[in-house]
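So this one's target13.txt, compact mmCIF, C-alpha atoms and all ligand atoms:
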# COMPACT_ATOMS: atom_id res chain seq x y z
CA MET A 1 -6.76 -20.91 5.46
CA THR A 2 -6.56 -18.70 2.43
CA ALA A 3 -5.04 -15.22 2.65
CA VAL A 4 -5.81 -12.19 0.50
CA ALA A 5 -2.89 -10.24 -0.96
CA THR A 6 -2.67 -7.16 -3.11
CA LEU A 7 -0.29 -4.36 -4.14
CA GLY A 8 -0.20 -1.24 -1.97
CA SER A 9 -2.03 1.28 -4.14
CA HIS A 10 -5.34 1.87 -6.02
CA CYS A 11 -7.97 0.06 -3.87
CA ALA A 12 -5.71 -1.93 -1.55
CA LEU A 13 -7.30 -0.49 1.60
CA GLN A 14 -10.80 -1.43 0.50
CA VAL A 15 -9.74 -4.93 -0.59
CA LEU A 16 -7.86 -5.75 2.60
CA LYS A 17 -10.45 -4.20 4.92
CA GLY A 18 -13.10 -6.31 3.17
CA ALA A 19 -10.97 -9.44 3.57
CA LYS A 20 -10.47 -8.74 7.28
CA ASP A 21 -14.23 -8.20 7.74
CA GLU A 22 -14.65 -11.71 6.33
CA GLY A 23 -12.03 -13.10 8.74
CA LEU A 24 -9.26 -13.73 6.21
CA LYS A 25 -5.54 -13.02 6.68
CA THR A 26 -4.43 -9.90 4.78
CA ILE A 27 -1.07 -9.31 3.11
CA LEU A 28 0.13 -6.14 1.39
CA VAL A 29 3.00 -6.03 -1.07
CA CYS A 30 4.18 -2.54 -0.20
CA GLU A 31 6.70 -0.17 -1.71
CA LYS A 32 9.08 0.87 1.07
CA LYS A 33 8.24 4.53 0.52
CA ARG A 34 4.59 3.82 1.36
CA GLU A 35 5.11 1.66 4.45
CA ARG A 36 4.42 4.64 6.71
CA LEU A 37 0.96 5.07 5.18
CA TYR A 38 -0.15 1.47 5.24
CA LYS A 39 1.17 0.74 8.76
CA ARG A 40 -1.59 3.02 10.03
CA PHE A 41 -4.20 0.36 9.32
CA ASP A 42 -4.64 -2.50 11.79
CA PHE A 43 -6.53 -4.68 9.36
CA ILE A 44 -3.32 -5.31 7.38
CA ASP A 45 -1.75 -8.39 8.97
CA GLU A 46 1.51 -8.57 7.04
CA LEU A 47 3.52 -6.20 4.88
CA ILE A 48 5.99 -7.46 2.31
CA PRO A 49 8.28 -4.45 1.73
CA VAL A 50 9.59 -4.11 -1.85
CA ASP A 51 11.51 -1.51 -3.84
CA SER A 52 9.33 -2.15 -6.88
CA PHE A 53 6.03 -3.96 -7.43
CA LEU A 54 7.80 -6.11 -10.03
CA GLU A 55 9.30 -8.03 -7.10
CA VAL A 56 5.95 -9.80 -6.81
CA LEU A 57 7.32 -11.95 -9.65
CA ASP A 58 10.48 -12.89 -7.70
CA SER A 59 10.86 -16.17 -5.89
CA LYS A 60 11.28 -14.52 -2.47
CA CYS A 61 7.93 -12.76 -2.62
CA THR A 62 6.25 -15.73 -4.31
CA LYS A 63 7.41 -18.05 -1.51
CA ILE A 64 5.91 -15.86 1.22
CA LEU A 65 2.63 -15.62 -0.65
CA GLU A 66 2.56 -19.36 -1.38
CA LYS A 67 3.28 -20.20 2.25
CA ASN A 68 0.16 -18.21 3.18
CA ASN A 69 -2.03 -19.77 0.44
CA ALA A 70 -2.53 -16.22 -0.79
CA VAL A 71 -4.82 -15.19 -3.62
CA LEU A 72 -3.59 -12.02 -5.35
CA ILE A 73 -6.25 -9.42 -6.16
CA PRO A 74 -5.28 -7.57 -9.36
CA HIS A 75 -6.10 -3.88 -9.70
CA GLY A 76 -5.25 -0.88 -11.88
CA THR A 77 -1.74 -0.44 -10.51
CA LEU A 78 -0.82 -4.01 -11.40
CA ILE A 79 -2.02 -3.38 -14.97
CA ALA A 80 -0.25 -0.02 -15.21
CA GLN A 81 3.10 -1.21 -13.88
CA MET A 82 3.43 -4.69 -15.37
CA SER A 83 3.42 -5.90 -18.94
CA THR A 84 0.80 -8.41 -20.01
CA GLU A 85 3.50 -11.10 -20.16
CA GLN A 86 4.63 -10.31 -16.62
CA ILE A 87 1.06 -10.49 -15.31
CA GLU A 88 0.49 -13.80 -17.07
CA SER A 89 3.67 -15.20 -15.49
CA ILE A 90 2.56 -14.57 -11.89
CA LYS A 91 2.83 -17.91 -10.11
CA ILE A 92 0.40 -17.51 -7.24
CA PRO A 93 -3.36 -17.70 -7.92
CA VAL A 94 -4.73 -14.44 -9.32
CA PHE A 95 -8.36 -13.63 -8.50
CA GLY A 96 -10.62 -13.57 -11.58
CA ASN A 97 -9.13 -14.17 -15.01
CA LYS A 98 -5.57 -12.93 -15.56
CA TRP A 99 -5.78 -13.81 -19.26
CA ILE A 100 -8.54 -11.25 -19.86
CA LEU A 101 -6.27 -8.45 -18.62
CA ARG A 102 -4.50 -8.65 -21.99
CA TRP A 103 -7.86 -7.81 -23.58
CA GLU A 104 -8.20 -4.82 -21.31
CA SER A 105 -4.79 -3.42 -22.28
CA ASP A 106 -5.04 -3.90 -26.06
CA ARG A 107 -7.53 -1.54 -27.76
CA ASN A 108 -8.23 -3.90 -30.66
CA LEU A 109 -8.92 -6.93 -28.47
CA LYS A 110 -10.95 -4.68 -26.21
CA GLU A 111 -13.17 -3.56 -29.07
CA LYS A 112 -13.58 -7.16 -30.21
CA LEU A 113 -14.88 -8.26 -26.82
CA MET A 114 -17.25 -5.30 -26.50
CA LEU A 115 -18.70 -6.00 -29.95
CA GLU A 116 -19.00 -9.72 -29.17
CA ALA A 117 -21.07 -8.67 -26.14
CA ASN A 118 -23.31 -6.74 -28.49
CA LEU A 119 -22.60 -3.46 -26.71
CA ALA A 120 -22.98 -0.22 -28.65
CA VAL A 121 -19.41 0.99 -29.12
CA PRO A 122 -18.57 4.46 -30.52
CA LYS A 123 -17.12 4.06 -34.02
CA SER A 124 -13.35 3.86 -34.19
CA VAL A 125 -11.68 6.10 -36.75
CA LYS A 126 -9.07 4.12 -38.65
CA THR A 127 -6.78 6.95 -39.80
CA PRO A 128 -6.48 10.70 -39.07
CA LYS A 129 -7.57 11.28 -42.71
CA GLN A 130 -11.00 9.90 -41.82
CA ILE A 131 -11.67 12.37 -38.98
CA ARG A 132 -14.96 14.04 -39.96
CA ARG A 133 -16.60 14.94 -36.64
CA LEU A 134 -15.67 15.37 -32.99
CA THR A 135 -13.18 12.61 -32.22
CA ILE A 136 -11.22 11.62 -29.12
CA ALA A 137 -7.59 10.50 -29.44
CA LYS A 138 -6.68 8.06 -26.67
CA ARG A 139 -3.40 6.47 -25.71
CA HIS A 140 -3.13 2.68 -25.50
CA GLY A 141 -2.89 0.88 -22.16
CA ALA A 142 -3.87 2.13 -18.72
CA ALA A 143 -2.86 5.75 -19.34
CA GLY A 144 -5.63 7.02 -17.04
CA GLY A 145 -6.73 9.61 -19.60
CA LYS A 146 -3.49 11.60 -19.51
CA GLY A 147 -2.54 12.95 -22.92
CA TYR A 148 -5.96 12.24 -24.48
CA PHE A 149 -7.32 15.03 -26.64
CA LEU A 150 -10.32 16.08 -28.71
CA THR A 151 -10.07 16.97 -32.36
CA SER A 152 -12.34 17.42 -35.34
CA SER A 153 -10.03 17.55 -38.35
CA GLU A 154 -6.85 15.92 -39.61
CA LYS A 155 -5.03 19.26 -39.54
CA ASP A 156 -5.90 19.91 -35.90
CA TYR A 157 -5.04 16.29 -35.05
CA ILE A 158 -1.54 16.61 -36.51
CA LYS A 159 -0.89 19.80 -34.55
CA LYS A 160 -1.94 18.25 -31.25
CA ARG A 161 -0.18 14.96 -31.94
CA ASN A 162 3.05 16.81 -32.59
CA GLN A 163 2.71 18.67 -29.31
CA LEU A 164 2.30 15.38 -27.46
CA ILE A 165 5.35 13.91 -29.21
CA LYS A 166 7.34 16.95 -28.13
CA SER A 167 6.24 16.56 -24.53
CA GLY A 168 7.37 12.92 -24.62
CA LEU A 169 3.94 11.39 -23.89
CA ILE A 170 3.75 9.55 -27.21
CA LYS A 171 6.14 8.53 -29.97
CA GLY A 172 3.76 8.77 -32.92
CA ASP A 173 0.38 7.88 -34.49
CA LYS A 174 0.80 4.25 -33.43
CA ASP A 175 0.36 5.25 -29.79
CA LEU A 176 -3.05 6.79 -30.38
CA TYR A 177 -6.47 5.23 -30.92
CA LEU A 178 -9.15 7.42 -32.50
CA GLN A 179 -12.80 7.09 -31.58
CA GLU A 180 -15.89 9.17 -32.29
CA TYR A 181 -16.76 11.31 -29.29
CA VAL A 182 -20.18 10.68 -27.73
CA MET A 183 -21.77 13.55 -25.83
CA GLY A 184 -23.87 12.82 -22.78
CA VAL A 185 -23.65 11.64 -19.19
CA LEU A 186 -20.66 9.47 -18.37
CA ALA A 187 -21.29 6.43 -16.19
CA TYR A 188 -19.01 3.70 -14.91
CA LEU A 189 -21.03 0.55 -14.16
CA GLN A 190 -19.56 -1.78 -11.54
CA PHE A 191 -20.42 -5.50 -11.54
CA PHE A 192 -19.46 -8.74 -9.84
CA TYR A 193 -19.94 -12.09 -11.52
CA SER A 194 -19.71 -15.30 -9.53
CA PRO A 195 -18.98 -18.44 -11.55
CA LEU A 196 -19.74 -20.48 -8.40
CA ASP A 197 -23.47 -19.80 -8.64
CA ASP A 198 -23.52 -18.32 -12.16
CA ASN A 199 -24.91 -15.03 -10.89
CA LEU A 200 -24.30 -11.41 -11.85
CA GLU A 201 -24.60 -8.59 -9.29
CA PHE A 202 -24.76 -4.91 -10.22
CA PHE A 203 -22.74 -3.28 -7.47
CA GLY A 204 -22.77 0.43 -8.12
CA VAL A 205 -22.15 3.25 -10.51
CA ASP A 206 -19.78 6.18 -10.25
CA LYS A 207 -18.69 9.31 -12.06
CA ARG A 208 -15.07 10.15 -12.75
CA HIS A 209 -13.58 13.58 -12.36
CA GLU A 210 -11.06 14.23 -15.07
CA SER A 211 -8.60 17.08 -15.28
CA ASP A 212 -8.50 19.41 -16.82
CA ILE A 213 -11.32 18.74 -19.32
CA GLU A 214 -13.87 19.36 -16.53
CA GLY A 215 -12.38 22.77 -15.88
CA LEU A 216 -13.05 23.86 -19.46
CA ALA A 217 -16.78 23.94 -18.81
CA ARG A 218 -16.20 26.62 -16.17
CA ILE A 219 -14.57 28.99 -18.60
CA PRO A 220 -16.57 31.26 -20.92
CA SER A 221 -16.25 30.37 -24.60
CA GLN A 222 -14.51 33.68 -25.46
CA GLN A 223 -11.59 32.60 -23.24
CA GLN A 224 -11.62 29.03 -24.54
CA LEU A 225 -11.37 30.18 -28.15
CA GLY A 226 -8.09 31.97 -27.61
CA MET A 227 -6.41 29.07 -25.84
CA ASP A 228 -3.69 27.18 -27.66
CA TYR A 229 -3.16 24.12 -25.55
CA ILE A 230 -4.27 20.51 -25.19
CA SER A 231 -6.67 19.59 -22.42
CA SER A 232 -6.43 16.16 -20.84
CA PHE A 233 -8.68 13.48 -19.30
CA ASN A 234 -6.51 12.63 -16.29
CA VAL A 235 -8.65 10.87 -13.65
CA ILE A 236 -8.43 12.67 -10.31
CA GLY A 237 -11.22 11.07 -8.32
CA ASN A 238 -14.67 9.53 -8.33
CA SER A 239 -18.04 10.41 -6.92
CA PRO A 240 -21.23 8.39 -6.41
CA MET A 241 -24.18 8.25 -8.73
CA VAL A 242 -27.51 6.46 -8.94
CA LEU A 243 -29.32 5.67 -12.17
CA ARG A 244 -32.95 6.11 -13.10
CA GLU A 245 -34.52 2.84 -12.04
CA SER A 246 -35.90 2.33 -15.54
CA LEU A 247 -32.31 1.96 -16.80
CA LEU A 248 -31.41 -0.92 -14.47
CA ASP A 249 -32.79 -3.78 -16.52
CA ASP A 250 -30.65 -2.70 -19.46
CA VAL A 251 -27.63 -2.40 -17.17
CA TYR A 252 -28.05 -6.02 -16.02
CA GLN A 253 -28.51 -7.18 -19.61
CA MET A 254 -25.31 -5.44 -20.72
CA GLY A 255 -23.43 -7.07 -17.84
CA GLU A 256 -24.84 -10.50 -18.67
CA ARG A 257 -23.98 -10.20 -22.34
CA PHE A 258 -20.45 -9.19 -21.39
CA VAL A 259 -20.07 -12.22 -19.10
CA GLU A 260 -21.34 -14.55 -21.85
CA ALA A 261 -19.08 -12.99 -24.49
CA ALA A 262 -16.04 -13.33 -22.22
CA LYS A 263 -16.86 -17.02 -21.65
CA ARG A 264 -16.75 -17.51 -25.42
CA LEU A 265 -13.62 -15.48 -26.18
CA VAL A 266 -11.33 -15.62 -23.11
CA LYS A 267 -11.75 -18.71 -20.98
CA PRO A 268 -12.63 -19.04 -18.14
CA GLY A 269 -14.54 -15.77 -18.70
CA MET A 270 -15.21 -12.59 -16.76
CA ASN A 271 -15.09 -13.93 -13.23
CA GLY A 272 -15.16 -11.51 -10.28
CA PRO A 273 -15.40 -7.72 -10.45
CA PHE A 274 -15.50 -5.72 -13.68
CA CYS A 275 -16.68 -2.36 -14.95
CA ILE A 276 -18.43 -1.28 -18.15
CA GLU A 277 -17.63 2.34 -18.93
CA GLY A 278 -19.43 4.70 -21.26
CA VAL A 279 -21.87 7.48 -21.98
CA TYR A 280 -25.67 7.80 -21.88
CA ASP A 281 -26.69 9.88 -24.89
CA GLN A 282 -29.76 12.11 -25.18
CA ASP A 283 -31.98 9.07 -25.83
CA ALA A 284 -30.58 7.32 -22.72
CA LYS A 285 -28.79 4.86 -25.00
CA PHE A 286 -25.54 3.63 -23.44
CA TRP A 287 -22.39 3.80 -25.59
CA THR A 288 -19.56 1.68 -24.16
CA PHE A 289 -16.07 3.05 -24.82
CA GLU A 290 -14.15 0.95 -22.34
CA PHE A 291 -14.17 -1.88 -19.81
CA SER A 292 -12.00 -2.84 -16.88
CA ALA A 293 -11.70 -6.58 -16.33
CA ARG A 294 -10.96 -6.30 -12.59
CA ILE A 295 -11.88 -4.14 -9.61
CA VAL A 296 -11.94 -0.40 -10.40
CA ALA A 297 -10.95 2.43 -8.06
CA GLY A 298 -14.48 3.85 -8.38
CA THR A 299 -15.60 1.11 -5.96
CA ASN A 300 -13.63 2.90 -3.20
CA ILE A 301 -16.59 5.25 -2.80
CA TYR A 302 -18.65 2.36 -1.55
CA MET A 303 -16.49 0.89 1.24
CA ASP A 304 -19.65 0.79 3.33
CA GLY A 305 -21.79 -0.61 0.55
CA SER A 306 -23.57 1.15 -2.31
CA PRO A 307 -27.27 1.84 -2.89
CA TYR A 308 -27.27 -1.28 -5.09
CA SER A 309 -25.26 -3.65 -2.87
CA THR A 310 -27.65 -2.69 -0.04
CA LEU A 311 -30.43 -4.25 -2.10
CA LEU A 312 -28.51 -7.53 -2.28
CA TYR A 313 -26.84 -7.83 1.15
CA ASP A 314 -27.90 -7.20 4.71
CA VAL A 315 -24.40 -6.16 5.79
CA PRO A 316 -22.32 -3.29 4.34
CA MET A 317 -20.80 -4.97 1.29
CA SER A 318 -17.85 -3.35 -0.45
CA MET A 319 -16.47 -4.90 -3.63
CA GLY A 320 -13.41 -5.90 -1.58
CA ARG A 321 -15.58 -7.74 0.91
CA ARG A 322 -17.54 -9.40 -1.91
CA ILE A 323 -14.27 -10.72 -3.32
CA ALA A 324 -13.32 -12.13 0.10
CA ARG A 325 -16.73 -13.85 0.38
CA GLU A 326 -16.19 -15.47 -2.99
CA ILE A 327 -12.77 -16.73 -1.89
CA LYS A 328 -14.25 -18.14 1.30
CA ALA A 329 -17.11 -19.85 -0.55
CA ALA A 330 -14.73 -21.33 -3.13
CA THR A 331 -12.35 -22.55 -0.42
CA ARG A 332 -15.25 -24.21 1.39
CA GLN A 333 -16.44 -25.87 -1.80
CA LYS A 334 -12.85 -26.77 -2.81
CA LYS A 335 -13.32 -24.79 -6.02
CA LEU A 336 -10.58 -22.15 -5.72
CA ASP A 337 -9.45 -23.09 -9.23
CA LYS A 338 -12.85 -21.91 -10.52
CA ILE A 339 -12.38 -18.34 -9.32
CA THR A 340 -8.62 -17.87 -9.88
CA THR A 341 -6.19 -18.27 -12.77
P1 LIG B 1 -10.81 5.58 -21.45
O1 LIG B 1 -9.32 5.47 -21.33
O2 LIG B 1 -11.34 4.94 -22.71
O3 LIG B 1 -11.52 5.13 -20.19
O4 LIG B 1 -11.16 7.14 -21.59
C1 LIG B 1 -10.84 8.09 -20.59
C2 LIG B 1 -11.86 9.18 -20.57
O5 LIG B 1 -12.01 9.75 -21.89
C3 LIG B 1 -13.26 8.71 -20.22
O6 LIG B 1 -13.45 8.62 -18.83
C4 LIG B 1 -14.14 9.77 -20.87
O7 LIG B 1 -14.18 10.96 -20.14
C5 LIG B 1 -13.39 10.05 -22.13
N1 LIG B 1 -13.86 9.25 -23.29
C6 LIG B 1 -13.24 8.16 -23.79
N2 LIG B 1 -13.87 7.72 -24.92
C7 LIG B 1 -14.91 8.54 -25.12
C8 LIG B 1 -15.92 8.64 -26.13
N3 LIG B 1 -15.95 7.80 -27.18
N4 LIG B 1 -16.83 9.62 -26.03
C9 LIG B 1 -16.80 10.49 -24.99
N5 LIG B 1 -15.85 10.48 -24.03
C10 LIG B 1 -14.91 9.53 -24.08
Could I get this structure in the form of structure tokens?
Amino acid sequence: MTAVATLGSHCALQVLKGAKDEGLKTILVCEKKRERLYKRFDFIDELIPVDSFLEVLDSKCTKILEKNNAVLIPHGTLIAQMSTEQIESIKIPVFGNKWILRWESDRNLKEKLMLEANLAVPKSVKTPKQIRRLTIAKRHGAAGGKGYFLTSSEKDYIKKRNQLIKSGLIKGDKDLYLQEYVMGVLAYLQFFYSPLDDNLEFFGVDKRHESDIEGLARIPSQQQLGMDYISSFNVIGNSPMVLRESLLDDVYQMGERFVEAAKRLVKPGMNGPFCIEGVYDQDAKFWTFEFSARIVAGTNIYMDGSPYSTLLYDVPMSMGRRIAREIKAATRQKKLDKITT
């Protein structure tokens, strides 16, 4: 029997509840300070207490997971707390494609994959000198939007960059990636691709609530003008969204192009859950500024299924449960190596 394991954070509850619903053993690698929280949930069969998530690389933890034939489900916390090299060195099977996580963390590789998928990507601005219009400065890696800022001139950029250096969030220009800002409705498109039956499922779409940029819209412009401070795009939570039905065909096509591009550039491709993140402009054209090559926390809204998973499944299907189904199907077909790396 295969077990499902994950780190205690991000979407661990959804993932393990989904695995239990599918009858699989569930294991949580849990920081000792969070044991109290996770012990509340009966669907977690085993806790491996650790002082730091990095212990998942140690032989002690590896042995327990190996003994249970565990598949590790990667999520945002794994990406945020481990280097690419550390992730790639994990010995137990990782669900999906651990090699593509490097492409998620590196802005240049990320852009390359999005362009290969023929997605419309907002133009990157190579140097602060080239800032001509509204531009967003973003930190590399999984910074969660903290320390991002908007700017429209080199002079303003330098002022804000210096403030961020002072606050210790960045060291210099190297830590920032500049991209033209696209105005519109933000949407985070959640997919699942199964290499077992070569099928893409659109699972749901969510909105992110980011602080404190959202708060700015509540303040009259007279007050905004006098403010001398940098707003941020720190993700606080997510809420559900549905799209105009006429947009769905395009959504599927974007997902399919992404899957095909990943097959070409990062073998074995984009297997399992992923998310294409961007903005619908005034012509309903979607501009992709980001992707996540693993389950996103926005799927937590749909623990009981989403409006779109309801169209595909007759039981409440969370992304966590969908992952567990894939593991079960692959185990049955003796193809676990096709869905893990
Ligand atoms: P990211 O780290 O790329 O996911 O960006 C974090 C947040 O910054 C997003 O959720 C958006 O609110 C915002 N953002 C990033 N890039 C753009 C862009 N090119 N145009 C508009 N908003 C953006």
request  = Compare A:Tyr302, A:Thr6, A:Gly76, A:Leu164 by their minimum atom-to-atom distance to Pro93 of chain A, counting all atoms listed in the file, and give me the closest one.
outcome  =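 Among the listed residues, the smallest separation from Pro93 of chain A belongs to A:Thr6.
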query = Which is closest to Asn162 of chain A among A:Met82, A:Ile301, A:Asn108, A:Ile230, if we use all atoms listed in the file?
reply =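 Nearest to Asn162 of chain A: A:Ile230.
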Interface rows for chain A against ligand LIG 1 (chain B): nearest pair, Å to one decimal, 9 Å, only C-alpha atoms and all ligand atoms, as a tab-separated table:
residue	atom	partner	partner_atom	distance
A:Val121	CA	B:LIG1	N3	7.9
A:Pro122	CA	B:LIG1	N3	5.4
A:Lys123	CA	B:LIG1	N3	7.9
A:Ser124	CA	B:LIG1	N3	8.5
A:Thr135	CA	B:LIG1	N3	7.5
A:Ile136	CA	B:LIG1	C7	6.3
A:Ala137	CA	B:LIG1	N2	8.2
A:Lys138	CA	B:LIG1	O1	6.5
A:Arg139	CA	B:LIG1	O1	7.4
A:His140	CA	B:LIG1	O1	8.0
A:Gly141	CA	B:LIG1	O1	7.9
A:Ala142	CA	B:LIG1	O1	6.9
A:Ala143	CA	B:LIG1	O1	6.8
A:Gly144	CA	B:LIG1	O1	5.9
A:Gly145	CA	B:LIG1	C1	4.5
A:Lys146	CA	B:LIG1	C1	8.2
A:Tyr148	CA	B:LIG1	O5	7.0
A:Phe149	CA	B:LIG1	O5	8.5
A:Leu178	CA	B:LIG1	N3	8.6
A:Gln179	CA	B:LIG1	N3	5.5
A:Glu180	CA	B:LIG1	N3	5.3
A:Tyr181	CA	B:LIG1	N4	3.7
A:Val182	CA	B:LIG1	N4	3.9
A:Met183	CA	B:LIG1	C9	5.9
A:Gly184	CA	B:LIG1	C9	7.8
A:Leu186	CA	B:LIG1	O7	6.9
A:Ala187	CA	B:LIG1	O6	8.6
A:Tyr188	CA	B:LIG1	O6	8.4
A:Lys207	CA	B:LIG1	O6	8.6
A:Arg208	CA	B:LIG1	O6	6.5
A:His209	CA	B:LIG1	O6	8.2
A:Glu210	CA	B:LIG1	O7	6.8
A:Ile213	CA	B:LIG1	O7	8.3
A:Ser232	CA	B:LIG1	O5	8.6
A:Phe233	CA	B:LIG1	C2	5.5
A:Asn234	CA	B:LIG1	C1	7.6
A:Val235	CA	B:LIG1	O6	7.4
A:Glu277	CA	B:LIG1	O3	6.8
A:Gly278	CA	B:LIG1	C7	7.1
A:Val279	CA	B:LIG1	C9	6.6
A:Trp287	CA	B:LIG1	N3	7.7
A:Thr288	CA	B:LIG1	N3	7.7
A:Phe289	CA	B:LIG1	N2	5.2
A:Glu290	CA	B:LIG1	O2	4.9
A:Phe291	CA	B:LIG1	O3	7.5
A:Ser292	CA	B:LIG1	O3	8.6
request  = Give as a VMD selection string each residue that has an atom at most 8 Å from (-14.0, -7.9, 0.7) in the file, counting only C-alpha atoms.
outcome  = chain A and resid 14 to 22 317 to 325
task = Select, from A:Leu176, A:Val50, A:Ile276, A:Ile79, the residue with the minimum atom-to-atom distance to Tyr157 of chain A, counting only C-alpha atoms.
result =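 Of the candidates, the smallest distance to Tyr157 of chain A is held by A:Leu176.
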note = Shortest contact to Tyr177 of chain A, candidates A:Cys275, A:Val125, A:Leu113, A:Met270, atoms counted only C-alpha atoms, goes to A:Val125
Exercise: His75 of chain A partners within 8 Å, all atoms listed in the file, chain neighbours under 3 positions left out, as a PyMOL selection string = chain A and resi 10-11+78-79+294-296
ask   = Quick one: distance from atom CA of Gln190 of chain A to atom CA of Ser231 of chain A in Å, one decimal?
value = 27.2 Å
message = Using Å and a single decimal, report how far atom CA of Ala12 of chain A sits from atom CA of Leu24 of chain A.
response = 14.6 Å
message = Excluding Tyr229 of chain A and its own-chain neighbours fewer than 2 positions away, which residues fall within 9 Å of it when counting only C-alpha atoms? Please give them as a PyMOL selection string.
response = chain A and resi 160+163+227+231
